[in-house]
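The structure file model.tsv is reproduced below (TSV, C-alpha atoms and all ligand atoms).
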```
chain	number	residue	atom	x	y	z
A	245	MET	CA	39.21	33.67	-34.09
A	246	SER	CA	42.52	32.05	-33.28
A	247	SER	CA	42.36	28.54	-31.96
A	248	GLN	CA	44.11	29.74	-28.80
A	249	HIS	CA	41.36	32.28	-28.19
A	250	LEU	CA	38.66	29.66	-28.70
A	251	SER	CA	40.34	27.30	-26.32
A	252	ASN	CA	40.56	30.07	-23.69
A	253	LEU	CA	36.86	30.80	-24.02
A	254	ARG	CA	36.06	27.13	-23.65
A	255	ASP	CA	38.18	26.91	-20.54
A	256	ARG	CA	36.32	29.87	-19.15
A	257	ILE	CA	32.96	28.13	-19.88
A	258	ASP	CA	34.16	25.01	-18.09
A	259	GLN	CA	35.14	27.08	-15.07
A	260	ILE	CA	31.77	28.82	-15.04
A	261	ASN	CA	30.01	25.45	-15.29
A	262	LEU	CA	31.87	24.28	-12.22
A	263	GLN	CA	31.00	27.49	-10.39
A	264	ILE	CA	27.33	27.03	-11.30
A	265	LEU	CA	27.52	23.45	-10.06
A	266	GLU	CA	29.06	24.53	-6.78
A	267	LEU	CA	26.44	27.22	-6.30
A	268	LEU	CA	23.62	24.83	-7.19
A	269	ASN	CA	24.84	22.32	-4.61
A	270	GLU	CA	25.23	25.03	-2.01
A	271	ARG	CA	21.69	26.13	-2.82
A	272	GLY	CA	20.52	22.51	-2.53
A	273	LYS	CA	21.96	22.17	0.97
A	274	ILE	CA	20.16	25.33	2.10
A	275	VAL	CA	16.95	24.00	0.55
A	276	GLN	CA	17.34	20.79	2.59
A	277	GLU	CA	17.79	22.85	5.75
A	278	ILE	CA	14.65	24.81	4.92
A	279	GLY	CA	12.87	21.45	4.40
A	280	GLU	CA	13.89	20.28	7.87
A	281	GLU	CA	12.72	23.54	9.40
A	282	LYS	CA	9.37	23.35	7.59
A	283	LYS	CA	8.93	19.80	8.77
A	284	LYS	CA	9.49	20.87	12.38
A	285	GLN	CA	6.99	23.68	11.97
A	286	GLY	CA	4.58	21.43	10.06
A	287	THR	CA	4.36	23.90	7.17
A	288	ASN	CA	3.86	23.12	3.53
A	289	ARG	CA	6.89	22.41	1.35
A	290	PHE	CA	5.61	24.33	-1.64
A	291	ASP	CA	5.10	28.04	-1.09
A	292	PRO	CA	3.88	29.72	-4.29
A	293	VAL	CA	4.09	33.24	-2.85
A	294	ARG	CA	7.73	32.77	-1.92
A	295	GLU	CA	8.44	31.28	-5.36
A	296	ARG	CA	6.84	34.26	-7.09
A	297	GLU	CA	8.93	36.70	-5.00
A	298	SER	CA	12.15	34.81	-5.85
A	299	LEU	CA	11.31	34.81	-9.54
A	300	ASP	CA	10.46	38.54	-9.54
A	301	LEU	CA	13.76	39.35	-7.85
A	302	ILE	CA	15.69	37.38	-10.46
A	303	LEU	CA	13.89	39.04	-13.36
A	304	LYS	CA	14.45	42.49	-11.86
A	305	TYR	CA	18.21	41.98	-12.22
A	306	HIS	CA	18.11	40.16	-15.49
A	307	ASP	CA	19.45	42.10	-18.47
A	308	GLY	CA	20.18	39.60	-21.23
A	309	PRO	CA	21.44	38.08	-23.36
A	310	TYR	CA	18.91	35.33	-22.56
A	311	GLU	CA	15.20	35.83	-23.17
A	312	VAL	CA	13.11	36.43	-20.04
A	313	SER	CA	11.20	33.23	-20.81
A	314	THR	CA	14.43	31.25	-20.94
A	315	ILE	CA	15.57	32.54	-17.57
A	316	LYS	CA	12.14	31.83	-16.13
A	317	HIS	CA	12.29	28.28	-17.46
A	318	ILE	CA	15.77	27.62	-16.08
A	319	PHE	CA	14.86	28.89	-12.61
A	320	LYS	CA	11.54	27.03	-12.60
A	321	GLU	CA	13.55	23.84	-13.15
A	322	ILE	CA	15.86	24.74	-10.27
A	323	PHE	CA	12.85	25.39	-8.01
A	324	LYS	CA	11.30	22.08	-9.05
A	325	ALA	CA	14.50	20.17	-8.35
A	326	SER	CA	14.65	21.78	-4.90
A	327	LEU	CA	11.13	20.69	-4.09
A	328	GLU	CA	12.05	17.15	-5.13
A	329	LEU	CA	15.08	17.32	-2.87
A	330	GLN	CA	12.83	18.17	0.06
A	331	GLU	CA	10.40	15.45	-0.94
A	332	THR	CA	13.10	12.77	-0.84
A	333	ASP	CA	14.02	13.87	2.64
A	334	TYR	CA	10.39	13.67	3.73
A	335	GLU	CA	10.01	10.23	2.16
A	336	LYS	CA	12.96	8.95	4.17
A	337	THR	CA	11.17	9.79	7.36
A	338	LEU	CA	7.96	7.82	6.66
A	339	LEU	CA	7.30	5.68	9.73
A	340	VAL	CA	6.41	2.66	7.57
A	341	SER	CA	9.68	2.86	5.64
A	342	ARG	CA	12.57	0.45	6.07
A	343	LYS	CA	14.82	3.46	6.39
A	344	ALA	CA	12.99	4.47	9.54
A	345	HIS	CA	12.80	0.91	10.90
A	346	PRO	CA	15.12	-1.65	9.29
A	347	GLU	CA	13.79	-4.76	11.10
A	348	ASN	CA	10.65	-6.58	9.94
A	349	THR	CA	7.53	-5.72	11.88
A	350	ILE	CA	5.90	-8.81	13.31
A	351	VAL	CA	2.12	-8.64	13.45
A	352	LYS	CA	0.70	-10.76	16.25
A	353	VAL	CA	-2.65	-12.38	15.57
A	354	GLY	CA	-3.72	-15.00	18.14
A	355	THR	CA	-0.91	-17.51	18.22
A	356	GLU	CA	0.49	-16.45	14.83
A	357	THR	CA	3.40	-14.07	14.33
A	358	ILE	CA	3.00	-12.71	10.81
A	359	GLY	CA	6.16	-11.40	9.17
A	360	ASP	CA	8.48	-13.88	10.95
A	361	GLY	CA	9.48	-15.65	7.73
A	362	VAL	CA	6.85	-18.39	7.91
A	363	GLN	CA	4.43	-18.11	4.99
A	364	ARG	CA	0.78	-18.40	6.02
A	365	PHE	CA	-2.73	-18.49	4.60
A	366	ILE	CA	-5.79	-16.35	5.26
A	367	MET	CA	-8.86	-18.18	4.05
A	368	GLY	CA	-12.60	-18.06	4.34
A	369	PRO	CA	-15.77	-17.24	2.46
A	370	CYS	CA	-16.20	-13.95	0.60
A	371	ALA	CA	-19.25	-13.09	2.66
A	372	VAL	CA	-20.59	-14.50	5.90
A	373	GLU	CA	-23.93	-16.00	4.93
A	374	SER	CA	-24.75	-18.30	7.85
A	375	TYR	CA	-23.25	-19.96	10.90
A	376	GLU	CA	-23.23	-23.33	9.15
A	377	GLN	CA	-21.52	-21.96	6.03
A	378	VAL	CA	-18.69	-20.34	8.04
A	379	ARG	CA	-18.35	-23.40	10.26
A	380	GLN	CA	-17.91	-25.77	7.32
A	381	VAL	CA	-15.10	-23.62	5.93
A	382	ALA	CA	-13.46	-23.24	9.36
A	383	LEU	CA	-13.49	-27.00	9.95
A	384	ALA	CA	-11.86	-27.58	6.57
A	385	MET	CA	-9.19	-25.00	7.44
A	386	LYS	CA	-8.59	-26.62	10.80
A	387	GLU	CA	-7.68	-29.90	9.04
A	388	HIS	CA	-4.70	-28.02	7.57
A	389	GLY	CA	-3.80	-26.26	10.82
A	390	LEU	CA	-4.87	-22.84	9.49
A	391	THR	CA	-6.06	-20.28	12.02
A	392	LEU	CA	-6.66	-17.05	10.11
A	393	LEU	CA	-10.38	-17.11	9.27
A	394	ARG	CA	-11.62	-14.36	7.02
A	395	GLY	CA	-15.14	-13.54	5.94
A	396	GLY	CA	-17.06	-10.40	5.07
A	397	ALA	CA	-19.82	-9.12	7.32
A	398	TYR	CA	-19.91	-5.69	5.69
A	399	LYS	CA	-19.54	-6.06	1.94
A	400	PRO	CA	-18.63	-2.99	-0.12
A	401	ARG	CA	-20.42	-3.94	-3.33
A	402	THR	CA	-20.20	-2.18	-6.66
A	403	SER	CA	-24.00	-2.22	-6.98
A	404	PRO	CA	-26.21	-1.03	-4.11
A	405	TYR	CA	-28.68	-3.79	-5.04
A	406	ASP	CA	-26.17	-6.61	-4.40
A	407	PHE	CA	-25.93	-8.46	-1.07
A	408	GLN	CA	-24.45	-6.00	1.44
A	409	GLY	CA	-23.53	-8.49	4.15
A	410	LEU	CA	-25.09	-9.49	7.47
A	411	GLY	CA	-23.43	-6.65	9.44
A	412	VAL	CA	-23.10	-7.20	13.21
A	413	GLU	CA	-24.89	-10.54	12.86
A	414	GLY	CA	-22.04	-11.63	10.57
A	415	LEU	CA	-19.42	-10.48	13.08
A	416	LYS	CA	-21.12	-12.57	15.77
A	417	ILE	CA	-21.12	-15.65	13.55
A	418	LEU	CA	-17.42	-15.23	12.77
A	419	ARG	CA	-16.55	-14.85	16.45
A	420	GLU	CA	-18.64	-17.81	17.51
A	421	VAL	CA	-17.13	-20.14	14.91
A	422	ALA	CA	-13.58	-18.86	15.49
A	423	ASP	CA	-13.89	-19.44	19.24
A	424	GLU	CA	-15.30	-22.89	18.70
A	425	VAL	CA	-12.43	-24.02	16.48
A	426	GLY	CA	-9.64	-21.88	17.97
A	427	MET	CA	-9.14	-19.34	15.18
A	428	SER	CA	-8.72	-15.60	14.68
A	429	VAL	CA	-11.21	-13.43	12.83
A	430	VAL	CA	-10.16	-11.18	9.94
A	431	THR	CA	-12.99	-9.05	8.58
A	432	GLU	CA	-13.60	-5.83	6.73
A	433	ILE	CA	-14.99	-2.73	8.40
A	434	VAL	CA	-16.20	-0.01	6.06
A	435	THR	CA	-16.96	2.98	8.24
A	436	PRO	CA	-15.19	4.60	11.20
A	437	GLN	CA	-18.41	4.40	13.25
A	438	ASP	CA	-18.40	0.58	13.10
A	439	VAL	CA	-14.82	0.16	14.32
A	440	GLU	CA	-15.49	0.36	18.05
A	441	GLN	CA	-18.26	-2.21	18.00
A	442	ALA	CA	-16.18	-4.51	15.80
A	443	LEU	CA	-13.33	-4.59	18.36
A	444	GLU	CA	-15.43	-6.95	20.44
A	445	TYR	CA	-15.61	-9.58	17.68
A	446	VAL	CA	-12.62	-9.10	15.45
A	447	ASP	CA	-8.90	-9.94	15.66
A	448	VAL	CA	-7.78	-8.19	12.47
A	449	ILE	CA	-9.60	-5.27	10.88
A	450	GLN	CA	-9.51	-5.32	7.09
A	451	VAL	CA	-9.60	-2.03	5.21
A	452	GLY	CA	-10.82	-2.91	1.72
A	453	ALA	CA	-9.52	-1.70	-1.62
A	454	ARG	CA	-12.38	0.77	-2.02
A	455	ASN	CA	-11.51	2.34	1.31
A	456	MET	CA	-7.73	2.53	0.96
A	457	GLN	CA	-7.98	6.30	0.83
A	458	ASN	CA	-10.85	6.66	3.27
A	459	PHE	CA	-8.63	8.76	5.48
A	460	GLU	CA	-11.08	8.98	8.37
A	461	LEU	CA	-11.29	5.18	8.47
A	462	LEU	CA	-7.49	4.93	8.30
A	463	LYS	CA	-7.14	7.36	11.21
A	464	THR	CA	-9.70	5.45	13.24
A	465	VAL	CA	-8.08	2.03	12.73
A	466	GLY	CA	-4.75	3.69	13.44
A	467	SER	CA	-5.87	4.64	16.91
A	468	VAL	CA	-7.09	1.22	18.05
A	469	LYS	CA	-5.09	-1.72	19.34
A	470	LYS	CA	-5.94	-4.27	16.66
A	471	PRO	CA	-3.91	-5.36	13.66
A	472	VAL	CA	-5.05	-3.95	10.34
A	473	LEU	CA	-5.00	-5.67	6.96
A	474	LEU	CA	-4.81	-2.84	4.45
A	475	LYS	CA	-5.69	-3.67	0.86
A	476	ARG	CA	-4.26	-1.77	-2.08
A	477	GLY	CA	-6.76	0.54	-3.80
A	478	LEU	CA	-8.18	-0.41	-7.19
A	479	SER	CA	-6.00	2.10	-9.02
A	480	ALA	CA	-3.57	3.05	-6.30
A	481	THR	CA	0.13	3.48	-6.95
A	482	ILE	CA	2.57	1.87	-4.54
A	483	SER	CA	3.39	5.29	-3.15
A	484	GLU	CA	-0.30	5.99	-2.44
A	485	PHE	CA	-0.59	2.55	-0.83
A	486	ILE	CA	2.42	3.22	1.39
A	487	ASN	CA	1.01	6.60	2.36
A	488	ALA	CA	-2.29	4.99	3.32
A	489	ALA	CA	-0.36	2.70	5.69
A	490	GLU	CA	1.43	5.79	6.99
A	491	TYR	CA	-1.96	7.22	8.04
A	492	ILE	CA	-2.44	4.15	10.25
A	493	ILE	CA	1.03	3.99	11.75
A	494	SER	CA	1.14	7.75	12.36
A	495	ARG	CA	-1.78	7.30	14.77
A	496	GLY	CA	0.19	4.79	16.81
A	497	ASN	CA	-0.79	1.42	15.34
A	498	ASN	CA	2.16	-0.36	13.71
A	499	GLN	CA	0.37	-3.72	13.45
A	500	ILE	CA	-0.29	-3.42	9.71
A	501	ILE	CA	-0.32	-6.05	6.96
A	502	LEU	CA	-0.23	-4.75	3.39
A	503	CYS	CA	-2.27	-6.68	0.86
A	504	GLU	CA	-1.71	-6.63	-2.89
A	505	ARG	CA	-5.06	-7.47	-4.52
A	506	GLY	CA	-4.54	-6.52	-8.14
A	507	ILE	CA	-4.91	-3.18	-9.84
A	508	ARG	CA	-7.09	-1.98	-12.67
A	509	THR	CA	-5.43	-2.07	-16.07
A	510	TYR	CA	-6.67	-2.38	-19.65
A	511	GLU	CA	-6.37	-6.18	-19.39
A	512	LYS	CA	-9.71	-7.97	-19.36
A	513	ALA	CA	-8.54	-11.59	-19.06
A	514	THR	CA	-8.47	-11.25	-15.28
A	515	ARG	CA	-10.69	-9.23	-12.96
A	516	ASN	CA	-7.68	-7.11	-11.99
A	517	THR	CA	-4.00	-7.35	-12.85
A	518	LEU	CA	-1.99	-8.91	-10.06
A	519	ASP	CA	1.00	-6.64	-9.55
A	520	ILE	CA	3.33	-9.35	-8.32
A	521	SER	CA	6.38	-7.10	-8.27
A	522	ALA	CA	4.59	-4.94	-5.69
A	523	VAL	CA	5.45	-7.66	-3.15
A	524	PRO	CA	9.27	-7.29	-3.21
A	525	ILE	CA	8.92	-3.53	-3.64
A	526	LEU	CA	6.74	-3.25	-0.54
A	527	LYS	CA	9.05	-5.58	1.39
A	528	LYS	CA	12.00	-3.44	0.36
A	529	GLU	CA	10.41	-0.06	0.95
A	530	THR	CA	8.55	-0.89	4.17
A	531	HIS	CA	9.05	-3.10	7.22
A	532	LEU	CA	5.50	-4.47	7.11
A	533	PRO	CA	4.34	-7.99	6.23
A	534	VAL	CA	2.82	-8.37	2.76
A	535	ALA	CA	-0.13	-10.52	1.71
A	536	VAL	CA	-1.33	-11.43	-1.78
A	537	ASP	CA	-5.05	-11.87	-2.39
A	538	VAL	CA	-5.27	-14.24	-5.33
A	539	THR	CA	-9.08	-14.32	-5.40
A	540	HIS	CA	-9.84	-10.65	-6.06
A	541	SER	CA	-6.75	-10.03	-8.18
A	542	THR	CA	-7.48	-12.77	-10.69
A	543	GLY	CA	-11.22	-13.26	-10.32
A	544	ARG	CA	-10.57	-16.71	-11.78
A	545	ARG	CA	-10.59	-20.02	-9.94
A	546	ASP	CA	-8.20	-21.59	-12.47
A	547	LEU	CA	-5.55	-18.98	-11.67
A	548	LEU	CA	-5.64	-19.23	-7.89
A	549	LEU	CA	-2.99	-21.92	-7.60
A	550	PRO	CA	-0.39	-20.57	-10.05
A	551	THR	CA	-0.68	-17.02	-8.71
A	552	ALA	CA	-0.47	-18.27	-5.12
A	553	LYS	CA	2.73	-20.12	-6.05
A	554	ALA	CA	4.09	-16.94	-7.57
A	555	ALA	CA	3.22	-15.05	-4.38
A	556	LEU	CA	5.05	-17.60	-2.22
A	557	ALA	CA	8.03	-17.73	-4.56
A	558	ILE	CA	8.38	-13.96	-4.58
A	559	GLY	CA	8.32	-13.75	-0.78
A	560	ALA	CA	4.78	-12.89	0.30
A	561	ASP	CA	4.16	-13.46	4.01
A	562	LEU	CA	0.55	-14.47	3.42
A	563	VAL	CA	-1.65	-15.79	0.66
A	564	MET	CA	-5.32	-14.96	0.80
A	565	ALA	CA	-8.08	-16.78	-1.06
A	566	GLU	CA	-11.81	-17.39	-0.72
A	567	VAL	CA	-13.54	-20.70	0.02
A	568	HIS	CA	-17.25	-21.48	0.08
A	569	PRO	CA	-18.98	-24.80	0.78
A	570	ASP	CA	-21.07	-24.33	-2.37
A	571	PRO	CA	-19.65	-21.51	-4.53
A	572	ALA	CA	-22.39	-21.85	-7.16
A	573	VAL	CA	-24.93	-20.41	-4.73
A	574	ALA	CA	-22.59	-17.93	-2.97
A	575	LEU	CA	-24.14	-14.50	-2.47
A	576	SER	CA	-20.96	-12.79	-3.72
A	577	ASP	CA	-17.92	-13.72	-5.82
A	578	SER	CA	-19.41	-17.06	-6.80
A	579	LEU	CA	-17.16	-17.41	-9.87
A	580	GLN	CA	-13.85	-17.37	-8.07
A	581	GLN	CA	-14.40	-19.03	-4.70
A	582	MET	CA	-13.09	-22.57	-4.25
A	583	ASP	CA	-15.25	-25.36	-2.89
A	584	ILE	CA	-13.86	-27.46	-0.05
A	585	PRO	CA	-12.25	-30.26	-2.13
A	586	GLN	CA	-10.60	-27.60	-4.34
A	587	PHE	CA	-9.43	-25.79	-1.22
A	588	ASN	CA	-7.90	-29.01	0.16
A	589	GLU	CA	-6.02	-29.55	-3.06
A	590	PHE	CA	-4.95	-25.88	-3.14
A	591	ILE	CA	-3.44	-26.02	0.36
A	592	ASN	CA	-1.80	-29.42	-0.19
A	593	GLU	CA	-0.19	-28.23	-3.42
A	594	LEU	CA	1.02	-25.03	-1.82
A	595	GLU	CA	2.40	-26.76	1.26
A	596	SER	CA	4.52	-29.03	-0.92
A	597	PHE	CA	5.50	-26.05	-3.08
A	598	LYS	CA	6.60	-24.19	0.06
A	599	ALA	CA	8.68	-27.17	1.13
A	600	LYS	CA	10.49	-27.03	-2.21
A	601	LEU	CA	11.25	-23.33	-1.80
A	602	VAL	CA	13.42	-23.79	1.27
A	701	LIG	C1	-12.59	-8.55	0.05
A	701	LIG	O1	-11.42	-8.77	0.41
A	701	LIG	O2	-13.57	-9.11	0.54
A	701	LIG	C2	-12.82	-7.59	-1.02
A	701	LIG	C3	-14.02	-7.11	-1.29
A	701	LIG	O3	-11.71	-7.29	-1.72
A	701	LIG	P1	-11.19	-5.86	-2.25
A	701	LIG	O4	-11.47	-4.87	-1.17
A	701	LIG	O5	-9.74	-6.11	-2.46
A	701	LIG	O6	-11.93	-5.62	-3.52
A	702	MN	MN	-14.84	-11.70	-2.43
```
Could you take the file, read its structure, and then write that structure out as structure tokens?
Ligand code: PEP
Ligand code: MN
Amino acid sequence: MSSQHLSNLRDRIDQINLQILELLNERGKIVQEIGEEKKKQGTNRFDPVRERESLDLILKYHDGPYEVSTIKHIFKEIFKASLELQETDYEKTLLVSRKAHPENTIVKVGTETIGDGVQRFIMGPCAVESYEQVRQVALAMKEHGLTLLRGGAYKPRTSPYDFQGLGVEGLKILREVADEVGMSVVTEIVTPQDVEQALEYVDVIQVGARNMQNFELLKTVGSVKKPVLLKRGLSATISEFINAAEYIISRGNNQIILCERGIRTYEKATRNTLDISAVPILKKETHLPVAVDVTHSTGRRDLLLPTAKAALAIGADLVMAEVHPDPAVALSDSLQQMDIPQFNEFINELESFKAKLV
């Protein structure tokens, strides 16, 4: 073969490549249009019947030199890329995304405006055990000007034999103490049926890690007029977490705080692995305020302060931790709750750390 001939063939290949590219992009644009249409109609992106028909049509006209399997493979890749193209377009339209709403969402809780750039604390005992126990913690918080009082009345425990919480009695205690000292109540609700009753007592509804994909609960809290603190699931990806928040906002409630609380990894040195980079990712991808729960992510009292500093330094809107007047006898999470002197030191340290950040 003369070198001129070879060079001509190569030129021809380059031209064909460009033609393929042009056709692929033209195809891509049509796929995007189909995606928009499907979205309007609310139909599924992936249609296996349609894909089978397209593939059969291609193979009907195929007559070499490539193997049938090769052609199938190439077109499967094109179909996959198209689906991804539609997915990206869908993603852009998520109501929780920054693309849909560039400004920060401010969540109003009592007198606090969460997400306004001021970094705050949510504190309180793991579980509500008694009026006196909650009151002692609330009074200690008041000394520091904190108003977001959190405690569990319904406790989702790993073992059914562990303390399950005081239920409505616990909600009443929280409300009573919060009203006495001028605070707001943040507490977890575990079933959709309990949401309505809780509205009477609660200022922020917490959806716990174990319920992050309890879609019925998400829909229910999405249709009430109370802020929601949504915790990341034990093994949830950021995308799953964001989609869980989407369930809430899609029902009309945009008052959502996302809470990173550690994820399950192979690491055993901490109860969970605090995914600190989730904070800037969530702040970038969504317009919602982000909290970091240092108690459940670390499961270690000695790590509460350094991880809380990391959370503040990386831009979390809130730091959450648990405090108990006598952690040794706490009915849940006794290993990682702070006592009141430790709590005082924790807040003092973090307030001076915050001052250094600005
Ligand atoms: C809690 O916040 O009380 C709790 C049980 O945490 P998580 O749902 O993150 O495990
Ligand atoms: Mn706890």
Closest of A:Leu383, A:Ala344, A:Met427, A:Ile507 to ligand LIG 701 (chain A), counting all atoms listed in the file, is A:Ile507
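Between Gln437 (chain A) and the residues A:Asn497, A:Thr464, A:Thr517, A:Asn458, the shortest atom-to-atom distance, using all atoms listed in the file, involves A:Thr464.
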Could the residues of chain A that have an atom at most 9 Å from ligand MN 702 (chain A) be listed as a tab-separated table, each with its closest atom pair and the distance in Å to one decimal, counting all atoms listed in the file and ordered by chain and ascending residue number?
```
residue	atom	partner	partner_atom	distance
A:Pro369	CA	A:MN702	MN	7.4
A:Cys370	CA	A:MN702	MN	4.0
A:Ala371	CA	A:MN702	MN	6.9
A:Gly395	CA	A:MN702	MN	8.6
A:Gly396	CA	A:MN702	MN	7.9
A:Lys399	CA	A:MN702	MN	8.5
A:Thr539	CA	A:MN702	MN	7.0
A:His540	CA	A:MN702	MN	6.3
A:Gly543	CA	A:MN702	MN	8.8
A:Ala565	CA	A:MN702	MN	8.6
A:Glu566	CA	A:MN702	MN	6.7
A:Ser576	CA	A:MN702	MN	6.3
A:Asp577	CA	A:MN702	MN	5.0
A:Ser578	CA	A:MN702	MN	8.3
A:Gln580	CA	A:MN702	MN	8.1
A:Gln581	CA	A:MN702	MN	7.7
```
Just how far from CA of Ile302 (chain A) is CA of Arg271 (chain A), in Å to one decimal?
14.9 Å
May I have a table of the residues of chain A lying at most 10 Å from ligand LIG 701 (chain A), giving each one's closest pair of atoms and their distance in Å to one decimal, counting all atoms listed in the file, ordered by chain and ascending residue number, as a Markdown table?
```
| residue | atom | partner | partner_atom | distance |
| --- | --- | --- | --- | --- |
| A:Gly368 | CA | A:LIG701 | O2 | 9.8 |
| A:Pro369 | CA | A:LIG701 | O2 | 8.6 |
| A:Cys370 | CA | A:LIG701 | O2 | 5.5 |
| A:Ala371 | CA | A:LIG701 | O2 | 7.3 |
| A:Arg394 | CA | A:LIG701 | O2 | 8.6 |
| A:Gly395 | CA | A:LIG701 | O2 | 7.2 |
| A:Gly396 | CA | A:LIG701 | O2 | 5.9 |
| A:Ala397 | CA | A:LIG701 | O2 | 9.2 |
| A:Tyr398 | CA | A:LIG701 | O2 | 8.9 |
| A:Lys399 | CA | A:LIG701 | C3 | 6.5 |
| A:Pro400 | CA | A:LIG701 | C3 | 6.3 |
| A:Arg401 | CA | A:LIG701 | C3 | 7.4 |
| A:Thr402 | CA | A:LIG701 | O6 | 9.5 |
| A:Val430 | CA | A:LIG701 | O1 | 9.9 |
| A:Thr431 | CA | A:LIG701 | O2 | 8.1 |
| A:Glu432 | CA | A:LIG701 | O2 | 7.0 |
| A:Val434 | CA | A:LIG701 | O4 | 9.9 |
| A:Gln450 | CA | A:LIG701 | O1 | 7.8 |
| A:Val451 | CA | A:LIG701 | O4 | 7.2 |
| A:Gly452 | CA | A:LIG701 | O4 | 3.6 |
| A:Ala453 | CA | A:LIG701 | O4 | 3.7 |
| A:Arg454 | CA | A:LIG701 | O4 | 5.8 |
| A:Asn455 | CA | A:LIG701 | O4 | 7.6 |
| A:Met456 | CA | A:LIG701 | O4 | 8.6 |
| A:Leu473 | CA | A:LIG701 | O1 | 9.7 |
| A:Leu474 | CA | A:LIG701 | O4 | 8.9 |
| A:Lys475 | CA | A:LIG701 | O5 | 5.8 |
| A:Arg476 | CA | A:LIG701 | O5 | 7.0 |
| A:Gly477 | CA | A:LIG701 | O5 | 7.4 |
| A:Leu478 | CA | A:LIG701 | O6 | 7.4 |
| A:Cys503 | CA | A:LIG701 | O5 | 8.2 |
| A:Glu504 | CA | A:LIG701 | O5 | 8.1 |
| A:Arg505 | CA | A:LIG701 | O5 | 5.3 |
| A:Gly506 | CA | A:LIG701 | O5 | 7.7 |
| A:Ile507 | CA | A:LIG701 | O5 | 9.3 |
| A:Asn516 | CA | A:LIG701 | O6 | 9.6 |
| A:Val536 | CA | A:LIG701 | O5 | 10.0 |
| A:Asp537 | CA | A:LIG701 | O5 | 7.4 |
| A:Val538 | CA | A:LIG701 | O5 | 9.7 |
| A:Thr539 | CA | A:LIG701 | O3 | 8.4 |
| A:His540 | CA | A:LIG701 | O5 | 5.8 |
| A:Ser541 | CA | A:LIG701 | O5 | 7.6 |
| A:Met564 | CA | A:LIG701 | O1 | 8.7 |
| A:Ala565 | CA | A:LIG701 | O1 | 8.8 |
| A:Glu566 | CA | A:LIG701 | O2 | 8.6 |
| A:Ser576 | CA | A:LIG701 | O2 | 9.3 |
| A:Asp577 | CA | A:LIG701 | C3 | 8.9 |
```
Write out, as a tab-separated table (two decimals), in the frame of the given file, the residues just selected, with C-alpha atoms.
```
chain	number	residue	atom	x	y	z
A	368	GLY	CA	-12.60	-18.06	4.34
A	369	PRO	CA	-15.77	-17.24	2.46
A	370	CYS	CA	-16.20	-13.95	0.60
A	371	ALA	CA	-19.25	-13.09	2.66
A	394	ARG	CA	-11.62	-14.36	7.02
A	395	GLY	CA	-15.14	-13.54	5.94
A	396	GLY	CA	-17.06	-10.40	5.07
A	397	ALA	CA	-19.82	-9.12	7.32
A	398	TYR	CA	-19.91	-5.69	5.69
A	399	LYS	CA	-19.54	-6.06	1.94
A	400	PRO	CA	-18.63	-2.99	-0.12
A	401	ARG	CA	-20.42	-3.94	-3.33
A	402	THR	CA	-20.20	-2.18	-6.66
A	430	VAL	CA	-10.16	-11.18	9.94
A	431	THR	CA	-12.99	-9.05	8.58
A	432	GLU	CA	-13.60	-5.83	6.73
A	434	VAL	CA	-16.20	-0.01	6.06
A	450	GLN	CA	-9.51	-5.32	7.09
A	451	VAL	CA	-9.60	-2.03	5.21
A	452	GLY	CA	-10.82	-2.91	1.72
A	453	ALA	CA	-9.52	-1.70	-1.62
A	454	ARG	CA	-12.38	0.77	-2.02
A	455	ASN	CA	-11.51	2.34	1.31
A	456	MET	CA	-7.73	2.53	0.96
A	473	LEU	CA	-5.00	-5.67	6.96
A	474	LEU	CA	-4.81	-2.84	4.45
A	475	LYS	CA	-5.69	-3.67	0.86
A	476	ARG	CA	-4.26	-1.77	-2.08
A	477	GLY	CA	-6.76	0.54	-3.80
A	478	LEU	CA	-8.18	-0.41	-7.19
A	503	CYS	CA	-2.27	-6.68	0.86
A	504	GLU	CA	-1.71	-6.63	-2.89
A	505	ARG	CA	-5.06	-7.47	-4.52
A	506	GLY	CA	-4.54	-6.52	-8.14
A	507	ILE	CA	-4.91	-3.18	-9.84
A	516	ASN	CA	-7.68	-7.11	-11.99
A	536	VAL	CA	-1.33	-11.43	-1.78
A	537	ASP	CA	-5.05	-11.87	-2.39
A	538	VAL	CA	-5.27	-14.24	-5.33
A	539	THR	CA	-9.08	-14.32	-5.40
A	540	HIS	CA	-9.84	-10.65	-6.06
A	541	SER	CA	-6.75	-10.03	-8.18
A	564	MET	CA	-5.32	-14.96	0.80
A	565	ALA	CA	-8.08	-16.78	-1.06
A	566	GLU	CA	-11.81	-17.39	-0.72
A	576	SER	CA	-20.96	-12.79	-3.72
A	577	ASP	CA	-17.92	-13.72	-5.82
```
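Here CA of Ile350 (chain A) stands at a distance of 13.2 Å from CA of Ala535 (chain A).
Distances to His317 (chain A) were evaluated for A:Asp519, A:Leu299, A:Val381, A:Gly559 using only C-alpha atoms, and the minimum falls at A:Leu299.
Atom pair CA of Asp546 (chain A) / CA of Ala513 (chain A) has a distance of 12.0 Å (rounded to one decimal).
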Surrounding residues of region 522-527 of chain A excluding itself and chain neighbours under 6 positions, 12 Å, all atoms listed in the file, as a count of residues only
42
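When all atoms listed in the file are used to measure the gap to Val567 (chain A), the shortest distance among A:Gln380, A:Gln408, A:Asn261, A:Ser428 belongs to A:Gln380.
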Ref. answer, residues at most 7 Å from (-3.7, -1.3, 12.9) with all atoms listed in the file, as a short mmCIF file (atom, residue, chain, number, x, y, z; two decimals) with C-alpha atoms, keeping the file's coordinate frame:
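File out_35.cif, as written:
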```
data_model
loop_
_atom_site.label_atom_id
_atom_site.label_comp_id
_atom_site.auth_asym_id
_atom_site.auth_seq_id
_atom_site.Cartn_x
_atom_site.Cartn_y
_atom_site.Cartn_z
CA VAL A 465 -8.08 2.03 12.73
CA GLY A 466 -4.75 3.69 13.44
CA VAL A 468 -7.09 1.22 18.05
CA LYS A 469 -5.09 -1.72 19.34
CA LYS A 470 -5.94 -4.27 16.66
CA PRO A 471 -3.91 -5.36 13.66
CA VAL A 472 -5.05 -3.95 10.34
CA ILE A 492 -2.44 4.15 10.25
CA ASN A 497 -0.79 1.42 15.34
CA ASN A 498 2.16 -0.36 13.71
CA GLN A 499 0.37 -3.72 13.45
CA ILE A 500 -0.29 -3.42 9.71
#
```
